[in-house]
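Working notes, structure below.
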Amino acid sequence: MEHDNLETQNLPRVANELLILGSLADRKMHGYEIALELEEQSSGLFRFQYGTLYPILHRLEKAGFIKGRWVKEGAKRKRKYYTLTARGREYARGQLEAWDEFAERFTAMTRGLRP
Amino acid sequence: MNRFAHVLRRIDARLDLPQPARGRIMLEIAADVEDLFAVYRERGLGEEEALGRVEEKFTVSEEAIAELVAIHQPAYRRFTDSLSAQARTRFERVLLALLLLSMLGVGGPLLARAEMIRQASDFIWPVVGIGAATGLLVLMKLYQLFVKKDHRTRRLRSGLSLLLLGAGGSLLVAGFGFAVGLHQALQKIVLDTEGLWLYVVRWLLTSAPVMLLGLLTAMAAALFWLMLTHTVERIEQMEVESLLS
């Protein structure tokens, strides 16, 4: 099966995108919730600076991979929720396949270095 | 006073973006900042510690700001923003209104005559339709903004670009009708050169009301677009200012 190319120089970006898309796979979330959950579920391994989170979220939203929705809470408060779109799910699947293949090849090519 | 006003102000000052993108980003960050603070407090952190942690988390780098700006500044927004910025001065708005009024003064009485409408080509009806739809949209926006005072972020600008579309559409249809009328007149003139003036006059009589109505619709739609855009920008600015105060 054909899959999207994973460019090595874009690895951190793609990894961040996939982590965010993954956390939205089952439920809608606010931006801070995504970062908090990623940090806690990975026991601090995936720690997001919130400032870097918003450009990624907004880029994914613009690409149609996630959908942001404003909801009024209380008299004046407005909150933004994000949900994963069908297009985003499809994109994530393609990237994950590329990611798996990358990991497989990387492991194979660095086998000689392992003890 | 918002306890995170200084954090938000630091971000806002560097976000070189037009409204509504800037206001929306700030609203989103402001709500997240407060919620994260509440989460830390619920987990037993003292107020000072929670404040410190939130502040540390929401340090936004120059790269992140540049990326946000790049994401939210599409070419068409730059274009429409420059238009509304040009039109922000009272002088320009007044000038456009005067132009519209003078056209209404000349064209209105002409169009009000049933004879003129009867003589007009069939292209007048789509222009009337676009004019009516645009007028309805203007009334709905006025009701939303001034009567119902519905200032929800995602609805504030909804429909504004349709006004521009209405202005462009009415001009396009009227211009097309004008060209089609000319083409038909020329075809007849080729077959019957003696009737030249008759066909030219008939073309002018059928096309002029369409063109006049198209122009009036376009100018009125543009004027309302400018006024409503200015109002919406003022509302968005007030929201951001109240957030930062």
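Order determines the names: the first chain of the structure tokens is A, the second B, and so forth; residues in each chain are numbered 1 upward, and ligands are numbered 1 upward as they are shown.
Within 9 Å of chain B, chain A contributes the residues His30, Gly31, Tyr32, Glu33, Leu36, Phe48, Gln49, Tyr50, Gly51, Thr52, Leu53, Tyr54, Pro55, Ile56, His58, Arg59, Lys62, Arg69, Trp70, Val71, Lys72, Arg77, Lys78, Arg79 and Lys80 of chain A, using only C-alpha atoms.
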For the strand (DSSP E) assignment from backbone DSSP, which residues of chain A qualify? Please present them as number ranges by chain. A: 66-73, 77-84
- Please return as a count of residues only: the residues of chain A that backbone DSSP assigns to helix (DSSP H, G or I). 67
Judged by only C-alpha atoms, the minimum distance to Ala63 of chain A among A:Gly88, A:Leu45, A:Tyr81, A:Ala98 is found for A:Gly88
Just the residues within 8 Å of Thr134 of chain B, please, counting only C-alpha atoms, with nothing from its chain fewer than 4 positions along; format it as a ChimeraX atom specification. /B:130,138,162-163,166,221
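Rounded to one decimal, atom CA of Leu96 of chain B and atom CA of Met219 of chain B lie 7.9 Å from each other.
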